[in-house]
>>> print(open('my_file-v4.txt').read())   # compact mmCIF, C-alpha atoms
# COMPACT_ATOMS: atom_id res chain seq x y z
CA MET A 1 -21.49 -11.25 1.37
CA VAL A 2 -23.30 -8.48 3.29
CA CYS A 3 -25.12 -11.14 5.33
CA LEU A 4 -21.79 -12.68 6.29
CA LEU A 5 -20.61 -9.29 7.54
CA THR A 6 -23.75 -8.40 9.48
CA ASP A 7 -25.84 -11.45 10.32
CA HIS A 8 -23.60 -13.80 12.30
CA THR A 9 -23.41 -15.22 15.81
CA LYS A 10 -20.53 -15.34 18.25
CA GLU A 11 -20.11 -19.00 17.35
CA ASP A 12 -19.89 -18.09 13.64
CA SER A 13 -17.16 -15.57 14.41
CA GLU A 14 -15.16 -18.03 16.50
CA GLU A 15 -15.36 -20.61 13.72
CA LEU A 16 -14.13 -18.05 11.19
CA PHE A 17 -11.25 -16.97 13.45
CA SER A 18 -10.31 -20.59 14.06
CA ARG A 19 -10.18 -21.35 10.34
CA ALA A 20 -8.12 -18.22 9.72
CA ARG A 21 -5.60 -19.19 12.41
CA ARG A 22 -5.25 -22.71 11.01
CA LEU A 23 -4.75 -21.40 7.48
CA ALA A 24 -2.18 -18.80 8.57
CA LYS A 25 -0.26 -21.41 10.59
CA SER A 26 -0.18 -23.78 7.62
CA TYR A 27 1.73 -21.15 5.63
CA TYR A 28 3.78 -19.30 8.24
CA GLY A 29 3.93 -21.52 11.31
CA ASN A 30 4.64 -19.47 14.42
CA GLN A 31 7.21 -17.23 12.77
CA VAL A 32 7.12 -13.42 12.79
CA TYR A 33 8.39 -11.63 9.68
CA THR A 34 9.88 -8.16 10.01
CA ARG A 35 10.17 -5.50 7.32
CA GLY A 36 12.57 -2.59 7.07
CA LEU A 37 10.25 0.34 6.38
CA ILE A 38 12.04 3.41 4.98
CA GLU A 39 9.70 6.41 5.00
CA PHE A 40 11.83 8.41 2.60
CA THR A 41 9.48 11.33 1.88
CA ASN A 42 6.21 12.76 3.17
CA TYR A 43 5.68 15.19 0.30
CA CYS A 44 2.75 14.28 -1.95
CA ARG A 45 1.19 15.75 -5.08
CA ASN A 46 -2.27 14.47 -4.08
CA ASP A 47 -4.89 15.85 -1.73
CA CYS A 48 -6.71 12.72 -0.54
CA TYR A 49 -9.05 13.98 2.17
CA TYR A 50 -8.25 11.26 4.73
CA CYS A 51 -4.46 11.44 4.49
CA GLY A 52 -2.19 13.20 6.96
CA ILE A 53 0.39 14.03 4.28
CA ARG A 54 -2.14 15.47 1.80
CA LYS A 55 -0.57 18.40 -0.01
CA SER A 56 -2.89 20.99 1.57
CA ASN A 57 -2.06 19.94 5.15
CA GLN A 58 -0.11 22.95 6.41
CA ASN A 59 0.63 21.26 9.74
CA ALA A 60 2.77 18.47 8.31
CA SER A 61 6.52 18.78 8.88
CA ARG A 62 7.89 17.87 5.45
CA TYR A 63 11.12 16.05 4.64
CA HIS A 64 12.96 14.15 1.89
CA LEU A 65 15.73 11.62 2.41
CA THR A 66 18.78 11.84 0.16
CA PHE A 67 20.23 8.90 -1.74
CA ASP A 68 22.97 8.53 0.88
CA GLU A 69 20.48 8.66 3.76
CA ILE A 70 18.38 5.93 2.17
CA MET A 71 21.43 3.73 1.67
CA GLU A 72 22.47 4.32 5.27
CA CYS A 73 19.03 3.09 6.37
CA CYS A 74 19.52 -0.07 4.30
CA GLU A 75 22.97 -0.68 5.78
CA MET A 76 21.69 -0.27 9.32
CA GLY A 77 18.61 -2.39 8.65
CA TYR A 78 20.61 -5.19 7.06
CA ASP A 79 22.95 -5.32 10.04
CA LEU A 80 19.88 -5.61 12.29
CA GLY A 81 18.63 -8.59 10.30
CA PHE A 82 16.03 -7.07 7.98
CA ARG A 83 15.76 -8.83 4.62
CA THR A 84 12.93 -6.79 3.14
CA PHE A 85 13.28 -3.07 2.48
CA VAL A 86 10.11 -1.05 1.89
CA LEU A 87 10.53 2.34 0.21
CA GLN A 88 7.38 4.17 1.25
CA GLY A 89 6.35 7.75 0.75
CA GLY A 90 3.92 10.17 -0.79
CA GLU A 91 3.72 10.74 -4.53
CA ASP A 92 6.73 13.04 -4.43
CA LEU A 93 7.65 14.08 -7.97
CA SER A 94 10.89 15.73 -6.83
CA TYR A 95 12.27 12.19 -7.18
CA THR A 96 12.33 11.53 -10.93
CA THR A 97 11.95 8.08 -12.42
CA GLU A 98 15.71 8.10 -12.95
CA ASP A 99 16.28 8.98 -9.29
CA LEU A 100 14.11 6.12 -8.10
CA VAL A 101 15.69 3.67 -10.55
CA LYS A 102 19.13 4.66 -9.21
CA ILE A 103 18.01 4.08 -5.61
CA ILE A 104 16.36 0.74 -6.38
CA ALA A 105 19.31 -0.51 -8.42
CA ALA A 106 21.75 0.45 -5.66
CA ILE A 107 19.73 -1.45 -3.06
CA ARG A 108 19.43 -4.47 -5.36
CA ASN A 109 23.16 -4.49 -6.13
CA GLY A 110 24.12 -4.04 -2.49
CA TYR A 111 21.63 -6.46 -0.94
CA GLN A 112 20.89 -9.18 -3.45
CA ASP A 113 19.31 -11.47 -0.85
CA CYS A 114 16.69 -8.88 0.09
CA ALA A 115 13.22 -8.15 -1.25
CA ILE A 116 12.56 -4.57 -2.35
CA THR A 117 9.02 -3.31 -1.86
CA LEU A 118 7.72 0.01 -3.16
CA SER A 119 4.79 1.96 -1.76
CA ILE A 120 4.79 5.21 -3.70
CA GLY A 121 1.31 5.44 -5.14
CA GLU A 122 -0.07 5.73 -8.64
CA ARG A 123 2.49 5.84 -11.44
CA SER A 124 2.44 5.04 -15.14
CA ARG A 125 2.88 1.48 -16.34
CA GLU A 126 6.18 2.54 -17.90
CA GLU A 127 7.43 3.79 -14.53
CA TYR A 128 6.33 0.59 -12.80
CA GLN A 129 8.20 -1.41 -15.45
CA ALA A 130 11.35 0.68 -14.96
CA TYR A 131 11.30 0.10 -11.20
CA PHE A 132 10.75 -3.63 -11.72
CA ASP A 133 13.62 -3.84 -14.20
CA ALA A 134 15.86 -2.02 -11.70
CA GLY A 135 15.22 -4.69 -9.06
CA ALA A 136 12.00 -3.93 -7.19
CA ASN A 137 9.84 -7.02 -6.80
CA ARG A 138 6.93 -6.05 -4.54
CA TYR A 139 4.48 -3.14 -4.60
CA LEU A 140 1.94 -1.98 -2.02
CA LEU A 141 -1.06 0.02 -3.27
CA ARG A 142 -4.23 -0.14 -1.20
CA HIS A 143 -7.32 0.46 -3.30
CA GLU A 144 -8.95 2.06 -0.17
CA THR A 145 -12.52 1.50 -1.41
CA ALA A 146 -13.78 -0.47 -4.40
CA ASP A 147 -16.98 1.55 -4.82
CA GLU A 148 -16.48 4.47 -7.22
CA ASN A 149 -19.08 6.72 -5.58
CA HIS A 150 -17.53 6.17 -2.17
CA TYR A 151 -14.06 6.70 -3.66
CA GLN A 152 -15.08 10.10 -5.04
CA LYS A 153 -16.29 11.23 -1.61
CA LEU A 154 -12.82 10.52 -0.16
CA HIS A 155 -10.71 11.99 -2.96
CA PRO A 156 -10.50 15.15 -5.09
CA PRO A 157 -12.03 15.00 -8.60
CA ASP A 158 -8.72 14.35 -10.38
CA LEU A 159 -8.41 10.89 -8.77
CA THR A 160 -10.57 7.89 -9.65
CA GLY A 161 -11.00 4.44 -8.25
CA ALA A 162 -10.92 3.02 -11.77
CA HIS A 163 -7.43 4.36 -12.37
CA ARG A 164 -6.19 3.05 -9.04
CA LYS A 165 -7.52 -0.41 -9.83
CA GLN A 166 -5.86 -0.28 -13.25
CA CYS A 167 -2.55 0.45 -11.54
CA LEU A 168 -2.98 -2.74 -9.53
CA TRP A 169 -3.70 -4.80 -12.64
CA ASP A 170 -0.66 -3.25 -14.37
CA LEU A 171 1.55 -4.16 -11.42
CA LYS A 172 0.36 -7.77 -11.46
CA GLU A 173 0.86 -8.09 -15.21
CA ILE A 174 4.41 -6.74 -14.96
CA GLY A 175 5.24 -9.42 -12.39
CA TYR A 176 5.27 -7.70 -9.02
CA GLN A 177 4.09 -9.37 -5.86
CA VAL A 178 1.20 -6.99 -5.22
CA GLY A 179 -0.36 -5.79 -1.98
CA SER A 180 -3.72 -4.03 -1.82
CA GLY A 181 -6.35 -3.39 0.84
CA PHE A 182 -8.82 -0.91 2.24
CA MET A 183 -9.88 1.24 5.17
CA VAL A 184 -12.54 0.28 7.70
CA GLY A 185 -14.68 2.99 9.27
CA SER A 186 -14.13 5.71 6.69
CA PRO A 187 -16.84 8.38 6.27
CA TRP A 188 -19.95 7.27 4.33
CA GLN A 189 -18.77 3.65 4.28
CA THR A 190 -21.51 1.00 4.24
CA MET A 191 -21.52 -2.76 4.67
CA GLU A 192 -22.15 -2.97 0.94
CA ASN A 193 -18.89 -1.06 0.39
CA LEU A 194 -16.99 -3.52 2.58
CA ALA A 195 -18.53 -6.43 0.70
CA ASP A 196 -17.41 -4.85 -2.59
CA ASP A 197 -13.90 -4.47 -1.17
CA LEU A 198 -13.68 -8.16 -0.31
CA LEU A 199 -15.07 -9.19 -3.68
CA PHE A 200 -12.58 -6.97 -5.49
CA LEU A 201 -9.71 -8.51 -3.54
CA LYS A 202 -10.97 -11.97 -4.49
CA GLU A 203 -10.98 -10.90 -8.15
CA LEU A 204 -7.56 -9.24 -7.98
CA GLY A 205 -5.90 -12.06 -6.04
CA PRO A 206 -3.16 -9.94 -4.42
CA HIS A 207 -0.19 -11.51 -2.65
CA MET A 208 -0.69 -9.25 0.38
CA VAL A 209 -3.74 -7.54 1.91
CA GLY A 210 -3.65 -4.61 4.31
CA ILE A 211 -6.85 -3.64 6.14
CA GLY A 212 -6.65 -0.75 8.57
CA PRO A 213 -8.90 1.62 10.53
CA PHE A 214 -9.73 5.10 9.33
CA ILE A 215 -8.04 7.75 11.48
CA PRO A 216 -9.17 11.28 10.59
CA PRO A 217 -6.31 13.76 10.09
CA GLN A 218 -6.52 17.28 11.43
CA GLY A 219 -8.57 19.45 9.10
CA TYR A 220 -10.56 16.60 7.51
CA PRO A 221 -13.35 18.24 5.46
CA ALA A 222 -16.86 17.77 6.83
>>> encode(input="my_file-v4.txt", output="structure tokens")
Amino acid sequence: MVCLLTDHTKEDSEELFSRARRLAKSYYGNQVYTRGLIEFTNYCRNDCYYCGIRKSNQNASRYHLTFDEIMECCEMGYDLGFRTFVLQGGEDLSYTTEDLVKIIAAIRNGYQDCAITLSIGERSREEYQAYFDAGANRYLLRHETADENHYQKLHPPDLTGAHRKQCLWDLKEIGYQVGSGFMVGSPWQTMENLADDLLFLKELGPHMVGIGPFIPPQGYPA
């Protein structure tokens, strides 16, 4: 796997891109799919070193959306043609499980032809089940890095890569369509790390994969 990432020619790359385009077109054609992203909170209990909404970032302007504000976003988005709503935010415990179940159930009851995606971090299996039962059917949780040593360099000691991976397996077993993924260019990352990321995704078999560049927030620890 590392050789595929490092030892390839321009012709190899073009062949890979060509195959990827053909495969994507076979599933999606030339269509573009839009998602209604509702960033409903930027409070978070965690202090992940790379994240702009980490709890110790004193420069972040914090906000929560109310139930009514979230429903207004859905109404506006539906009128604009969105048929997927993504509730995304930090791990904000000011919203209880009951609060989130109420929000999800209201969206499901009001927009039965829409997919509901959650991106709210690591929760217990019981919480994931409650959200699923209320009407959520997709969940985004990037594993960020599959290597435990690398994971520990990017996160405080109370977070582990093993627990994050277990959350992904729990979500799949419950029945969610699951999205995972990782950063490229994060501190201390090696080609071996990237190879491990791709192999983990192959093992997990997620329905969606998000791969994005590392962008250091202000105050990232050296």
>>> closest_residue(input="my_file-v4.txt", among="A:Lys165, A:Leu198, A:Phe132, A:Tyr63", to="Ser94 of chain A", atoms="all atoms listed in the file")
A:Tyr63
>>> residues_around(input="my_file-v4.txt", residues="Ile215 of chain A", least_positions_apart="6", cutoff="10 Å", atoms="only C-alpha atoms", output="ChimeraX atom specification")
/A:50-52,183-186
>>> closest_residue(input="my_file-v4.txt", among="A:Glu144, A:Asp99, A:Asp197, A:Glu192", to="Thr6 of chain A", atoms="only C-alpha atoms")
A:Glu192
>>> residues_around(input="my_file-v4.txt", residues="Asn149 of chain A", least_positions_apart="3", cutoff="10 Å", atoms="only C-alpha atoms", output="number ranges by chain")
A: 145-146, 152-154, 160-161, 188, 193
>>> residues_around(input="my_file-v4.txt", residues="Phe85 of chain A", least_positions_apart="5", cutoff="9 Å", atoms="all atoms listed in the file", output="PDB file with C-alpha atoms, in the frame of the given file")
ATOM      1  CA  ARG A  35      10.170  -5.500   7.320  1.00  0.00           C
ATOM      2  CA  GLY A  36      12.570  -2.590   7.070  1.00  0.00           C
ATOM      3  CA  LEU A  37      10.250   0.340   6.380  1.00  0.00           C
ATOM      4  CA  ILE A  38      12.040   3.410   4.980  1.00  0.00           C
ATOM      5  CA  CYS A  74      19.520  -0.070   4.300  1.00  0.00           C
ATOM      6  CA  GLY A  77      18.610  -2.390   8.650  1.00  0.00           C
ATOM      7  CA  TYR A  78      20.610  -5.190   7.060  1.00  0.00           C
ATOM      8  CA  ILE A 107      19.730  -1.450  -3.060  1.00  0.00           C
ATOM      9  CA  CYS A 114      16.690  -8.880   0.090  1.00  0.00           C
ATOM     10  CA  ALA A 115      13.220  -8.150  -1.250  1.00  0.00           C
ATOM     11  CA  ILE A 116      12.560  -4.570  -2.350  1.00  0.00           C
ATOM     12  CA  THR A 117       9.020  -3.310  -1.860  1.00  0.00           C
ATOM     13  CA  LEU A 118       7.720   0.010  -3.160  1.00  0.00           C
TER      14      LEU A 118
END
>>> residues_around(input="my_file-v4.txt", residues="Ala162 of chain A", least_positions_apart="2", cutoff="10 Å", atoms="all atoms listed in the file", output="ChimeraX atom specification")
/A:143,146-148,151,159-160,164-167
>>> closest_residue(input="my_file-v4.txt", among="A:Glu173, A:Thr190, A:Tyr111, A:Leu93", to="Tyr128 of chain A", atoms="all atoms listed in the file")
A:Glu173
>>> atom_distance(input="my_file-v4.txt", atom1="atom CA of Arg83 of chain A", atom2="atom CA of Glu122 of chain A")
25.3 Å
>>> residues_around(input="my_file-v4.txt", residues="segment 136-138 of chain A", least_positions_apart="5", cutoff="12 Å", atoms="all atoms listed in the file", output="ChimeraX atom specification")
/A:84-88,100-109,111-112,114-120,127-131,168,171-172,174-180,206-208
>>> atom_distance(input="my_file-v4.txt", atom1="atom CA of Gly110 of chain A", atom2="atom CA of Gly81 of chain A")
14.6 Å
>>> atom_distance(input="my_file-v4.txt", atom1="atom CA of Asp113 of chain A", atom2="atom CA of Gly29 of chain A")
22.0 Å
>>> closest_residue(input="my_file-v4.txt", among="A:Pro213, A:Ser26, A:Thr34, A:Cys3", to="Leu80 of chain A", atoms="all atoms listed in the file")
A:Thr34
>>> closest_residue(input="my_file-v4.txt", among="A:Leu194, A:Leu199, A:Met76, A:Ile211", to="Arg142 of chain A", atoms="all atoms listed in the file")
A:Ile211
